[in-house]
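One structure is given below, encoded as C-alpha cells.
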Protein chains: 4
Amino acid sequence: MTARFRGVRRRTLDLCAGLSAEDLQIQSMADASPGKWHLAHTSWFFEQFVLARDPAWKPRNEAWLYLFNSYYQSVGPMHARPQRGLLSRPSLDEVLAYRRYVDDAVGELLASHADAELTTLVELGLQHEQQHQELLLTDIKHAFWCNPLRPAYHAAPATEARAPVPLRFITGREGIVETGHDGEGFAFDNETPRHRELLHPHALANRLVTNAEYLAFVREGGYREPGLWLSDGWATVQREGWQHPLYWDDDLSREFTLAGMQALSPHAPVCHLSYYEADAFARWAGARLPTEAEWESAAGQVAVLGNLQETGRLHPAPAEPGDDMLQMYGDVWEWTASPYISYPGFHPLPGSLGEYNGKFMCGQWVLRGGSCATPRGHVRASYRNFFPPHARWQFSGLRLGQDR
Amino acid sequence: MTARFRGVRRRTLDLCAGLSAEDLQIQSMADASPGKWHLAHTSWFFEQFVLARDPAWKPRNEAWLYLFNSYYQSVGPMHARPQRGLLSRPSLDEVLAYRRYVDDAVGELLASHADAELTTLVELGLQHEQQHQELLLTDIKHAFWCNPLRPAYHAAPATEARAPVPLRFITGREGIVETGHDGEGFAFDNETPRHRELLHPHALANRLVTNAEYLAFVREGGYREPGLWLSDGWATVQREGWQHPLYWDDDLSREFTLAGMQALSPHAPVCHLSYYEADAFARWAGARLPTEAEWESAAGQVAVLGNLQETGRLHPAPAEPGDDMLQMYGDVWEWTASPYISYPGFHPLPGSLGEYNGKFMCGQWVLRGGSCATPRGHVRASYRNFFPPHARWQFSGLRLGQDR
Amino acid sequence: MTARFRGVRRRTLDLCAGLSAEDLQIQSMADASPGKWHLAHTSWFFEQFVLARDPAWKPRNEAWLYLFNSYYQSVGPMHARPQRGLLSRPSLDEVLAYRRYVDDAVGELLASHADAELTTLVELGLQHEQQHQELLLTDIKHAFWCNPLRPAYHAAPATEARAPVPLRFITGREGIVETGHDGEGFAFDNETPRHRELLHPHALANRLVTNAEYLAFVREGGYREPGLWLSDGWATVQREGWQHPLYWDDDLSREFTLAGMQALSPHAPVCHLSYYEADAFARWAGARLPTEAEWESAAGQVAVLGNLQETGRLHPAPAEPGDDMLQMYGDVWEWTASPYISYPGFHPLPGSLGEYNGKFMCGQWVLRGGSCATPRGHVRASYRNFFPPHARWQFSGLRLGQDR
Amino acid sequence: MTARFRGVRRRTLDLCAGLSAEDLQIQSMADASPGKWHLAHTSWFFEQFVLARDPAWKPRNEAWLYLFNSYYQSVGPMHARPQRGLLSRPSLDEVLAYRRYVDDAVGELLASHADAELTTLVELGLQHEQQHQELLLTDIKHAFWCNPLRPAYHAAPATEARAPVPLRFITGREGIVETGHDGEGFAFDNETPRHRELLHPHALANRLVTNAEYLAFVREGGYREPGLWLSDGWATVQREGWQHPLYWDDDLSREFTLAGMQALSPHAPVCHLSYYEADAFARWAGARLPTEAEWESAAGQVAVLGNLQETGRLHPAPAEPGDDMLQMYGDVWEWTASPYISYPGFHPLPGSLGEYNGKFMCGQWVLRGGSCATPRGHVRASYRNFFPPHARWQFSGLRLGQDR
C-alpha cells in the first residue's frame with residue numbers, strides 16, 4: 001500500500017511537470033478547478049478523512065480546511081467553487097510542501113497502524129486522487145483553449161496511420177444479469193450493491209464513433225435539424241451557437257488537443273461531446289445509446305486495457321483491428337442512455353464520505369469505460385462516471401447501441 | 001365520439017366560467033401560460049393535427065398558427081413562450097369564436113368521415129385538451145398567488161373533518177412484471193411499449209404523506225440540513241430561500257388554494273412539493289420514493305377513482321379509511337424515484353406528433369396517479385406525467401416506499 | 001380648476017377608448033406599465049397626496065395603496081414594478097369605479113376647500129397625470145409591437161407630402177443667461193431654482209434630424225463603426241444587435257407606429273432613438289447635441305406650439321417651412337448633451353413629493369421640448385424630461401448643435 | 001526624458017516586488033486586471049503608440065497586440081476583459097522580458113530621435129503607466145480581499161496618533177472663473193480646453209470626511225433609510241446588501257488594507273465609498289458634494305502635496321493640522337457632484353489615442369485630487385478621474401460642500 005500510495009501521489013506531480021505556477025493558478029470556468037487547487041484538495045482529502053481520524057491531529061492550517069474542501073457540507077463550510085482561481089496564496093511552493101507533509105504523515109501511519117479501515121480509506125483517497133488526475137488534465141486543456149495562443153501541454157505524440165475498423169453490431173446478453181461491483185478490489189459506493197438487472201434484446205457497436213462519422217453528421221446539417229435533438233439539447237445548441245464538438249475549429253479540419261492545434265484524425269474517436277450531441281448523433285444514425293447495464297455486461301467480457309493515461313498520448317486513437325468489442329476502456333468516456341441514479345438497495349458510505357457520490361444522483365447521465373486521461377488501474381467494468389448532459393470538456397464520446 | 005368531443009371542449013370553457021378576460025390574459029412565469037392561450041392552443045391542436053390533414057383546408061388565420069403553436073418545431077416556428085402573456089390580441093372573444101369554428105369543423109368531420117385514424121387523432125386532441133385543463137388550473141392558481149390580493153378562483157368547497165389514516169407499508173410484487181400500457185383504450189406513446197420490468201423486494205405506503213407529517217419535517221429543520229438533500233436540491237433551497245412548500249404561509253398555518261388562503265388541513269396530503277423536497281422528506285423519514293414500475297404494479301390493482309377534478313374540490317383531501325392502497329388516483333401527482341426516460345423499444349408517434357413526449361426525456365422525473373385537477377377518465381395506471389425536479393406549481397406530493 | 005381637473009381626467013379615459021380590458025392589462029417590459037395600472041396609479045396619486053391630507057380619510061382599499069404606489073418609499077412599500085402586469089384584479093371596471101370615486105372626492109374638495117395648497121397639489125396631480133398619458137401611449141405602442149400581429153392603436157391619420165426644410169444653423173445667445181423656471185405657472189421642482197448659466201458660443205439646427213438623414217447614417221455603416229460611439233453605447237449596440245432605430249423594419253423602409261406598420265416618411269423626424277444613437281449620429285454629422293441651457297435659451301423665444309398630443313397624429317411630422325427655430329415643441333423629445341442633475345441651489349419638494357424628481361438625478365440624460373404624445377399645456381421651455389441613455393421606447397430624437 | 005522614462009518604468013516593477021507570479025496572475029472581477037496584464041499592457045502602449053510609428057517596426061509578437069490591447073477599437077480587436085486572468089501564457093518572465101525589450105527600444109529612440117512629438121507620446125505613455133500603477137495597487141487589494149486568508153501586500157507602515165482636525169467650511173470663489181488645464185506641463189485631453197465656468201456661491205470643507213464621521217452615519221441607520229439615497233443607489237444597497245464601505249469588517253471596527261486587516265483609524269479619511277454612498281452621506285450631513293469646478297478653483301490655490309504613493313503608506317491618513325484647505329491631494333479621490341462629460345469645445349486627441357478618454361463620457365462621475373496610491377507628479381488641480389457611481393474598489397472618499 002505504501003508503494004502504491006507513493007506512486008499515485010508522485011504521478012499527480014509528474015502530470016504537472018510542464019506547468020508553471022501561473023498555469024496551475026488559473027480557473028477557466030466554475031466547472032473546472034486550478035491545478036494548484038487539485039494538488040491541495042487531494043492532500044486535504046487525506047488530511048480530512050485519514051489523518052484527522054486521530055483526535056490528537058492538529059491541522060496543518062485551519063484555514064486550508066475551508067479553502068480545499070470541495071463539497072463536503074458535513075465537515076464544514078467551503079470556499080466558493082467559482083473563486084478557486086483567486087487563491088494566489090497559499091503559493092504553489094506551500095501547496096507542494098503541504099503535499100509532502102501529508103505524504104509523510106500518511107506514510108508514517110501506513111508504516112505503523114495499517115489496519116483494514118486505514119487501508120480502505122487510503123485506497124479511497126488514492127482513487128479520489130486518480131479522478132483528480134484526470135480532471136487536472138481536462139481542466140488545463142480547457143484553460144489553455146481559452147488562451148488565444150492555444151499553448152500545448154505536451155509535445156504531440158507520434159501517431160501511426162491506421163485503416164478504419166468497419167462498424168459491426170454485436171448482440172449482447174438478454175434476460176436477467178448480475179450487475180454492479182462484484183466485491184473484488186476497490187469500488188465506489190455508487191457501483192453497489194451488486195443486483196439483478198433485466199436486459200432486453202440488444203446489440204452494441206464493436207467500436208467507438210469516429211471523427212469521420214461525426215463529421216458527416218455535422219456536414220449533413222445535424223446541428224440545424226431540431227427533430228434530431230432532445231428539447232433541452234436543441235435549446236442549448238441555439239443558445240450556445242454550437243456547430244460542432246468542443247475544441248473543433250470552425251473549419252472542421254482541426255481540433256485543439258493537449259498537444260495544441262492538430263489535424264482532425266478521421267478514424268480516431270470523436271471526443272468532447274455533450275450527452276445532447278451523443279444522443280442526437282445516435283438518433284441521426286438510426287441507433288441509440290447503450291444502457292449502462294448493457295455496456296457493463298459487454299465490458300465484463302473484455303480485459304481492462306486500452307488507450308489510458310499511461311500511454312502518454314492523452315488523446316483518443318483510432319481502433320486497432322480485432323474481432324471483439326474494441327475500445328471498451330480508454331480513449332473516451334462513453335455516454336450511456338442511463339440517468340445517474342442509485343442502484344436498488346443502495347446505501348451511501350457512512351459519515352461524511354457518504355457525500356461522495358449519492359447526493360449527485362439527479363440531472364446527470366452515466367458514462368462508462370474511462371478515457372485516454374484515466375489512469376490504468378482506476379477504471380473497471382462496474383465503474384460509473386457521471387456528468388450533466390451539457391458537459392463537454394471531459395474526454396467524452398459514444399458507442400452506438402441497437403434494439404434487437 | 002362526437003358527444004365526448006363536445007363534452008371535453010365544453011368542460012374547458014366551464015373551467016373558465018368565473019374568470020374575466022383580464023384573468024385569462026396574464027402569465028405569471030415562463031412555465032405557465034395565460035388561460036386564453038390554453039383556450040386557443042387546444043383549438044390550434046385540432047386545427048393543426050386534425051383539420052389541416054385536408055389539403056384543401058384554409059387556416060382560420062395564418063398568424064395564429066404561429067401564435068398558438070407550443071413547441072412543434074416540425075410544423076413551423078412559434079411565438080416565444082415567455083411572451084404568451086403579451087398577446088392582448090386576438091381578444092378573448094375572438095379566441096372563443098375560434099373555438100366554436102374549430103368545434104364546428106371537427107364536429108362536421110366526425111359526422112361525415114369518422115374513420116379510425118380520425119378518431120385516434122381526435123382522441124389524442126381531447127387527451128391533450130384534458131392536460132391543458134389541469135394546466136389552466138395550476139397556472140391561474142400561480143397567477144392569483146402572485147397578486148397580493150390573493151383572489152379566489154372559486155368558493156371554498158365544504159370539507160368534513162376526518163380522523164387520520166394510520167400509515168402502513170404494503171409489500172409489493174417482486175420479480176419480472178409486465179409494465180406499460182396494455183393496449184386497451186387510449187395511451188400516450190411514452191406509456192409504450194408494454195414490456196417486462198424487474199421489481200426488487202419493496203413495500204409502498206398505504207396513503208400519501210400528509211401536511212402534518214411534512215410540517216414535522218419543516219419544524220425539525222429539514223430545510224436547514226444539507227445532508228438530507230440532493231446537491232442540486234440544496235443549491236435550490238439556498239438560492240430560492242425555500243422554507244416550506246410553495247403556497248404555504250410563512251407562519252406554517254395557512255396555505256393558498258384555489259379558494260384563496262385557507263387553514264392548513266393536517267391530514268390532507270402535502271402538496272406543491274418539488275422533487276427535491278419529496279426526496280429530502282423521504283430520506284428524513286428513513287424511506288425512499290417508489291419507482292414508477294413499483295407504483296404502476298400497485299396501481300393496477302386499484303380502481304381509477306379518487307379526488308379528481310370532477311369532485312369540484314380542486315384541492316387534495318384527507319384519505320378515507322380503507323385497507324387497500326389509498327389515494328392512488330387523484331389528490332396529488334406522486335413524485336417517483338424514476339427519471340423520465342423511454343421504455344425499451346420505445347418509438348415516438350410518427351410525424352410531428354412524435355414531438356409530443358419523446359423529446360422531453362431528459363432532466364425530468366416521472367409523477368404518477370393524477371391529482372385533484374386531473375379530469376376523470378384522463379388518468380390510468382400506466383400514465384406517466386413528468387416535470388423538472390424544481391417544479392412546484394403542479395399539485396404534486398408523495399407516497400413513501402421502502403426496500404424489503 | 002374643477003373644469004381643468006375634469007378635463008385632464010377625462011382625457012386619460014379618452015386615450016383608452018379603443019383599448020380592451022386585455023390591452024390595458026399587459027406589460028411588455030419592466031420599464032413600461034399596463035394601461036390599467038396607469039389609470040389606477042394616477043388616481044392613487046390624488047388619493048395619497050390630496051385626499052389623504054384629511055386625517056379622517058379612509059382609503060378606498062388599503063391594499064390598493066400598496067398596489068398602485070409607484071416609487072414613493074416614504075409613504076410605504078409598493079408592488080414590484082415588473083409584476084404590474086400580473087394584476088388581473090382589481091378589474092378594469094373596478095379601476096374605473098375607483099377613478100370616479102377619486103374624481104368625486106377631489107371635485108367635492110375643490111368645490112368646498114379650494115385653498116392655494118390644495119390647488120397646487122391638484123395641479124401637480126394633473127401634471128403627473130399628463131405625464132402618464134404620454135407613458136400610456138408609449139407603453140401600449142411597445143406592447144403592441146411585441147405582438148407579431150402588430151395591431152394598430154388608432155387609424156392612420158392623413159398626412160400631406162411636404163418638401164424637406166433645408167438644414168440651417170442658427171447662432172444662439174452667448175454669456176450669462178437666466179435659466180430654469182421663471183415662476184409663472186406650474187413647474188416641477190427640478191426646473192428650479194431659476195439661476196444663471198454661462199453659454200459658450202454655439203448654434204443650433206433650425207429643425208430636427210429627419211428619417212432620411214438618419215437613414216444615410218445607417219446605410220453608411222454608422223452601426224458598425226465603433227469610433228462613432230460612446231463606449232457604453234457600442235457595448236449596447238453589440239449586445240442588443242441594434243442596426244436601426246427601435247420600431248424600424250429591418251428592410252429600412254417601414255416602421256411600427258400607433259397606426260400599425262407604415263412606410264417611413266423621409267422628412268419626418270427620426271424617432272425612438274437612444275441617447276447613444278443620437279450622440280453617435282451627431283458625431284457622424286460633425287456636430288454635437290445641444291446642452292439643455294442652449295436649448296432652453298432658444299426655446300424661450302418660440303411659442304409653445306407644435307405637433308403635440310392634441311393633433312391626434314401621435315407620430316412625428318415633417319417640419320413646416322419657416323425662418324425660425326422649427327419643431328422646438330412636440331414631434332419628438334430632443335436628447336441633450338446634459339446629464340440630468342440638480343440645478344445650483346435645488347431643493348426637492350418637502351415631504352414625500354420630494355421623491356418625485358430628485359432621487360433620479362444619476363445615470364440619466366435630459367430631453368427637452370415634448371413630443372407628439374405630450375399634452376398641450378404640459379410642456380414649456382424650462383421642462384426637463386429625463387431617461388437613461390439606452391431608452392428608446394419614448395418618442396425621442398434629436399436636433400444638432402455646434403460650437404461657434 | 002530618458003531618466004524619467006526609466007524611473008517610471010522601474011517604479012512599476014518596484015510595486016510588484018513582493019508579489020509572486022501567482023499573485024500577478026489573478027483577476028478578481030471584470031473591472032480589475034491581473035498585475036501581469038498591467039505590466040504587459042503598459043508596455044504594449046509604448047509599442048503600439050510609440051514604436052509602431054516606425055513603419056519598419058516588427059511587433060515582438062503579433063498575438064500580444066491582441067492580448068494586451070485594452071479598449072482601442074481603432075487599432076484592432078482585443079482579448080475579452082473578463083478573461084485577462086486566464087492568460088497564464090505568456091509567463092511573467094516573458095512579460096518582464098517584453099518590458100525590457102520595449103524599454104530598450106524606447107530608450108534608443110529617445111537617444112536618437114527625440115523630437116517634440118516623440119516626447120509628447122512618451123510622456124503620455126508614462127502618465128498612462130502611472131495610472132496603471134495605481135490600478136495595480138487597487139486591483140491586487142481587491143484580489144487579496146477575495147482570499148479568505150486576507151494576505152498583506154506590504155508590512156503595516158508606522159502611524160502616529162493625531163488629534164482630529166475640526167471641520168470648517170471655507171467660502172470659495174464666485175462668478176466666472178477659468179477652469180481646465182492652463183497649458184503648462186502635461187494634461188490629458190479631457191482637461192481641455194481651458195474655459196470659463198460660472199461658480200455659484202459656495203463653501204467647501206477644510207478636510208476630508210473621516211471614518212468616525214462616516215461611522216456615525218452607519219450607526220444611525222444611514223444604510224436603511226431610502227430617503228437619503230438616489231434611486232439607483234438605494235437599489236444597489238438592497239441588491240448588494242451593502243451595510244458599510246467596502247473592506248470594512250461587519251463589526252465596524254476593522255478594515256482590510258494593503259497591510260492586511262487593521263483597526264479602523266477614527267480620524268483617517270473614510271475610503272472605498274461609491275458615489276452613491278458619498279452622495280447619501282452628504283445629504284445626511286445636510287451638505288452636498290462639491291462640483292468639479294468648485295474643487296478645481298480651491299485646489300489651484302494649494303500646493304500639490306499630500307499622502308501620495310511615495311509616502312509608502314498606501315492608505316489614507318488623518319489630516320495634519322492647518323488653516324488652509326487640507327488633504328486636497330492624496331489620501332482619497334474625492335467624488336464630485338459632476339457627471340463626467342466633455343468641456344465646452346472639447347476635441348479628443350487625433351487618431352486612436354482619441355479613444356483614451358472621450359468615449360467614456362457617459363454614466364460616470366468625476367473624482368478629483370488623487371489618492372494614497374497616486375504617484376507624485378501625476379496629479380494636478382485640473383486632473384479629472386472618473387468612475388461609475390457603484391465603483392468602490394478605488395481609494396475614493398469625499399469632502400463636503402455647501403451652498404452659500
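Every chain in the C-alpha cells takes a letter, A first, then B, and so on in the order presented; its residues are numbered from 1, and the ligands are numbered from 1 following the presented order.
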
Please, which residues of segment 141-182 of chain B, numbered as in this document, come out strand (DSSP E or B) from DSSP, as a compact mmCIF listing (two decimals) with C-alpha atoms, in the first residue's frame?
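Written file, states_2.txt:
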```txt
# COMPACT_ATOMS: atom_id res chain seq x y z
CA PHE B 169 -46.41 -0.25 4.36
CA ILE B 170 -47.85 -2.83 2.00
CA THR B 171 -45.46 -5.27 0.34
CA GLY B 175 -39.69 -10.32 -9.87
CA ILE B 176 -40.49 -9.73 -13.50
CA VAL B 177 -43.73 -7.86 -14.21
CA GLU B 178 -45.33 -6.52 -17.31
CA THR B 179 -45.46 -2.77 -17.28
```

Which residues of chain C have any atom within 10 Å of an atom in chain B when counting only C-alpha atoms, and what is the closest pair of atoms for each, with the distance in Å to one decimal? Order the rows by chain and rising number and write it as JSON lines.
```
{"residue": "C:Leu19", "atom": "CA", "partner": "B:Ser88", "partner_atom": "CA", "distance": 9.7}
{"residue": "C:Ser20", "atom": "CA", "partner": "B:Ser91", "partner_atom": "CA", "distance": 8.2}
{"residue": "C:Ala21", "atom": "CA", "partner": "B:Glu22", "partner_atom": "CA", "distance": 6.2}
{"residue": "C:Glu22", "atom": "CA", "partner": "B:Ser88", "partner_atom": "CA", "distance": 5.1}
{"residue": "C:Asp23", "atom": "CA", "partner": "B:Ser88", "partner_atom": "CA", "distance": 5.1}
{"residue": "C:Leu24", "atom": "CA", "partner": "B:Ser88", "partner_atom": "CA", "distance": 8.4}
{"residue": "C:Gln25", "atom": "CA", "partner": "B:Glu22", "partner_atom": "CA", "distance": 6.3}
{"residue": "C:Ile26", "atom": "CA", "partner": "B:Leu86", "partner_atom": "CA", "distance": 5.7}
{"residue": "C:Gln27", "atom": "CA", "partner": "B:Leu86", "partner_atom": "CA", "distance": 7.0}
{"residue": "C:Ser28", "atom": "CA", "partner": "B:Leu86", "partner_atom": "CA", "distance": 6.3}
{"residue": "C:Met29", "atom": "CA", "partner": "B:Leu86", "partner_atom": "CA", "distance": 9.8}
{"residue": "C:Ala63", "atom": "CA", "partner": "B:Leu149", "partner_atom": "CA", "distance": 7.2}
{"residue": "C:Trp64", "atom": "CA", "partner": "B:Leu149", "partner_atom": "CA", "distance": 8.9}
{"residue": "C:Tyr66", "atom": "CA", "partner": "B:Pro148", "partner_atom": "CA", "distance": 9.0}
{"residue": "C:Leu67", "atom": "CA", "partner": "B:Pro148", "partner_atom": "CA", "distance": 8.0}
{"residue": "C:His79", "atom": "CA", "partner": "B:Pro148", "partner_atom": "CA", "distance": 8.2}
{"residue": "C:Gln83", "atom": "CA", "partner": "B:Cys146", "partner_atom": "CA", "distance": 8.2}
{"residue": "C:Arg84", "atom": "CA", "partner": "B:Asn147", "partner_atom": "CA", "distance": 9.2}
{"residue": "C:Gly85", "atom": "CA", "partner": "B:Ile26", "partner_atom": "CA", "distance": 7.2}
{"residue": "C:Leu86", "atom": "CA", "partner": "B:Ile26", "partner_atom": "CA", "distance": 5.7}
{"residue": "C:Leu87", "atom": "CA", "partner": "B:Asn147", "partner_atom": "CA", "distance": 5.9}
{"residue": "C:Ser88", "atom": "CA", "partner": "B:Asp23", "partner_atom": "CA", "distance": 5.1}
{"residue": "C:Arg89", "atom": "CA", "partner": "B:Asp23", "partner_atom": "CA", "distance": 7.6}
{"residue": "C:Pro90", "atom": "CA", "partner": "B:Leu149", "partner_atom": "CA", "distance": 8.6}
{"residue": "C:Ser91", "atom": "CA", "partner": "B:Glu22", "partner_atom": "CA", "distance": 7.2}
{"residue": "C:Leu92", "atom": "CA", "partner": "B:Glu22", "partner_atom": "CA", "distance": 8.2}
{"residue": "C:Ala143", "atom": "CA", "partner": "B:Leu86", "partner_atom": "CA", "distance": 6.9}
{"residue": "C:Phe144", "atom": "CA", "partner": "B:Leu86", "partner_atom": "CA", "distance": 8.3}
{"residue": "C:Trp145", "atom": "CA", "partner": "B:Leu86", "partner_atom": "CA", "distance": 9.9}
{"residue": "C:Cys146", "atom": "CA", "partner": "B:Leu86", "partner_atom": "CA", "distance": 7.1}
{"residue": "C:Asn147", "atom": "CA", "partner": "B:Leu87", "partner_atom": "CA", "distance": 5.9}
{"residue": "C:Pro148", "atom": "CA", "partner": "B:Ala63", "partner_atom": "CA", "distance": 7.9}
{"residue": "C:Leu149", "atom": "CA", "partner": "B:Ala63", "partner_atom": "CA", "distance": 7.2}
{"residue": "C:Arg150", "atom": "CA", "partner": "B:Arg89", "partner_atom": "CA", "distance": 9.2}
{"residue": "C:Pro151", "atom": "CA", "partner": "B:Arg89", "partner_atom": "CA", "distance": 7.6}
```

Could those selected residues go to a file with N, CA and C atoms, as a short mmCIF file (atom, residue, chain, number, x, y, z; two decimals), in the first residue's frame?
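Result file selection-v4.cif:
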```cif
data_model
loop_
_atom_site.label_atom_id
_atom_site.label_comp_id
_atom_site.auth_asym_id
_atom_site.auth_seq_id
_atom_site.Cartn_x
_atom_site.Cartn_y
_atom_site.Cartn_z
N LEU C 19 -59.13 50.68 -26.52
CA LEU C 19 -58.39 49.57 -25.92
C LEU C 19 -59.30 48.70 -25.07
N SER C 20 -59.10 47.40 -25.17
CA SER C 20 -59.91 46.46 -24.40
C SER C 20 -59.31 46.27 -23.02
N ALA C 21 -60.05 45.60 -22.16
CA ALA C 21 -59.53 45.27 -20.84
C ALA C 21 -58.24 44.46 -20.97
N GLU C 22 -58.17 43.61 -21.99
CA GLU C 22 -56.96 42.82 -22.20
C GLU C 22 -55.78 43.72 -22.60
N ASP C 23 -56.04 44.65 -23.52
CA ASP C 23 -54.98 45.57 -23.93
C ASP C 23 -54.44 46.35 -22.73
N LEU C 24 -55.34 46.71 -21.85
CA LEU C 24 -54.95 47.55 -20.70
C LEU C 24 -54.32 46.73 -19.58
N GLN C 25 -54.27 45.42 -19.77
CA GLN C 25 -53.73 44.52 -18.75
C GLN C 25 -52.24 44.25 -18.94
N ILE C 26 -51.77 44.33 -20.16
CA ILE C 26 -50.44 43.78 -20.47
C ILE C 26 -49.31 44.75 -20.21
N GLN C 27 -48.18 44.18 -19.85
CA GLN C 27 -46.95 44.92 -19.55
C GLN C 27 -45.82 44.26 -20.32
N SER C 28 -45.25 44.97 -21.26
CA SER C 28 -44.31 44.30 -22.18
C SER C 28 -42.86 44.32 -21.71
N MET C 29 -42.57 45.15 -20.70
CA MET C 29 -41.22 45.16 -20.13
C MET C 29 -41.29 45.88 -18.79
N ALA C 63 -55.23 47.80 0.40
CA ALA C 63 -54.28 47.05 -0.43
C ALA C 63 -53.90 47.81 -1.69
N TRP C 64 -54.82 48.63 -2.17
CA TRP C 64 -54.52 49.36 -3.40
C TRP C 64 -53.44 50.40 -3.19
N TYR C 66 -50.83 49.95 -1.72
CA TYR C 66 -49.62 49.19 -2.00
C TYR C 66 -49.49 48.89 -3.50
N LEU C 67 -50.59 48.46 -4.08
CA LEU C 67 -50.52 48.03 -5.50
C LEU C 67 -50.20 49.19 -6.43
N HIS C 79 -45.81 47.39 -4.72
CA HIS C 79 -45.77 46.20 -5.56
C HIS C 79 -44.57 46.30 -6.51
N GLN C 83 -44.00 43.32 -11.97
CA GLN C 83 -45.16 42.45 -11.77
C GLN C 83 -46.48 43.19 -11.89
N ARG C 84 -46.42 44.41 -12.37
CA ARG C 84 -47.67 45.15 -12.50
C ARG C 84 -48.62 44.47 -13.48
N GLY C 85 -48.07 43.82 -14.47
CA GLY C 85 -48.91 43.20 -15.50
C GLY C 85 -49.64 41.96 -15.01
N LEU C 86 -49.35 41.50 -13.79
CA LEU C 86 -50.00 40.29 -13.29
C LEU C 86 -51.28 40.60 -12.52
N LEU C 87 -51.58 41.88 -12.34
CA LEU C 87 -52.73 42.24 -11.51
C LEU C 87 -54.02 42.22 -12.32
N SER C 88 -54.56 41.03 -12.54
CA SER C 88 -55.84 40.98 -13.24
C SER C 88 -56.95 41.51 -12.33
N ARG C 89 -56.72 41.44 -11.05
CA ARG C 89 -57.62 42.07 -10.08
C ARG C 89 -56.85 43.17 -9.36
N PRO C 90 -57.44 44.33 -9.08
CA PRO C 90 -58.80 44.69 -9.42
C PRO C 90 -59.00 44.78 -10.94
N SER C 91 -60.23 44.55 -11.34
CA SER C 91 -60.57 44.55 -12.76
C SER C 91 -60.58 45.98 -13.31
N LEU C 92 -60.63 46.08 -14.62
CA LEU C 92 -60.74 47.40 -15.24
C LEU C 92 -61.97 48.13 -14.72
N ALA C 143 -46.07 47.50 -26.29
CA ALA C 143 -46.76 46.23 -26.09
C ALA C 143 -47.32 45.71 -27.41
N PHE C 144 -47.89 46.58 -28.18
CA PHE C 144 -48.45 46.14 -29.47
C PHE C 144 -47.34 45.71 -30.43
N TRP C 145 -46.22 46.36 -30.33
CA TRP C 145 -45.08 45.99 -31.19
C TRP C 145 -44.57 44.58 -30.83
N CYS C 146 -44.73 44.20 -29.56
CA CYS C 146 -44.32 42.85 -29.15
C CYS C 146 -45.26 41.77 -29.65
N ASN C 147 -46.41 42.16 -30.13
CA ASN C 147 -47.38 41.21 -30.67
C ASN C 147 -47.10 41.04 -32.16
N PRO C 148 -46.80 39.83 -32.60
CA PRO C 148 -46.48 39.62 -34.02
C PRO C 148 -47.58 40.10 -34.97
N LEU C 149 -48.80 40.25 -34.46
CA LEU C 149 -49.89 40.76 -35.30
C LEU C 149 -49.74 42.25 -35.56
N ARG C 150 -48.89 42.90 -34.79
CA ARG C 150 -48.66 44.34 -34.92
C ARG C 150 -49.95 45.13 -35.02
N PRO C 151 -50.80 45.03 -34.01
CA PRO C 151 -52.09 45.73 -34.08
C PRO C 151 -51.91 47.24 -34.04
#
```

Inset, instruction - Using backbone DSSP assignments, extract all alpha helix (DSSP H) residues from segment 161-252 of chain B; output them as a VMD selection string. - result: chain B and resid 211 to 219 231 to 240

Legend entry - Long-range neighbours of Val302 of chain B as a PyMOL selection string, 10 Å cut-off, only C-alpha atoms, 6 positions minimum in chain: chain B and resi 324-329+381

Convert the current residue selection to file output with C-alpha atoms, as a PDB file, in the first residue's frame.
```pdb
ATOM      1  CA  ASP B 324     -56.127  -1.132   0.366  1.00  0.00           C
ATOM      2  CA  MET B 325     -53.710   1.249  -1.161  1.00  0.00           C
ATOM      3  CA  LEU B 326     -55.420   4.618  -0.695  1.00  0.00           C
ATOM      4  CA  GLN B 327     -55.285   7.822  -2.719  1.00  0.00           C
ATOM      5  CA  MET B 328     -53.554   6.119  -5.664  1.00  0.00           C
ATOM      6  CA  TYR B 329     -55.530   8.308  -8.051  1.00  0.00           C
ATOM      7  CA  ALA B 381     -52.193   3.049 -14.098  1.00  0.00           C
TER       8      ALA B 381
END
```

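Here the question is which of A:Arg380, A:His142, A:Arg239, A:His244 gets nearest to Trp393 of chain A using only C-alpha atoms, and that residue is A:His142.
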
Inset, instruction - Enter the distance from atom CA of Gly306 of chain C to atom CA of Thr12 of chain C, in Å, rounded to one decimal. - result: 20.4 Å
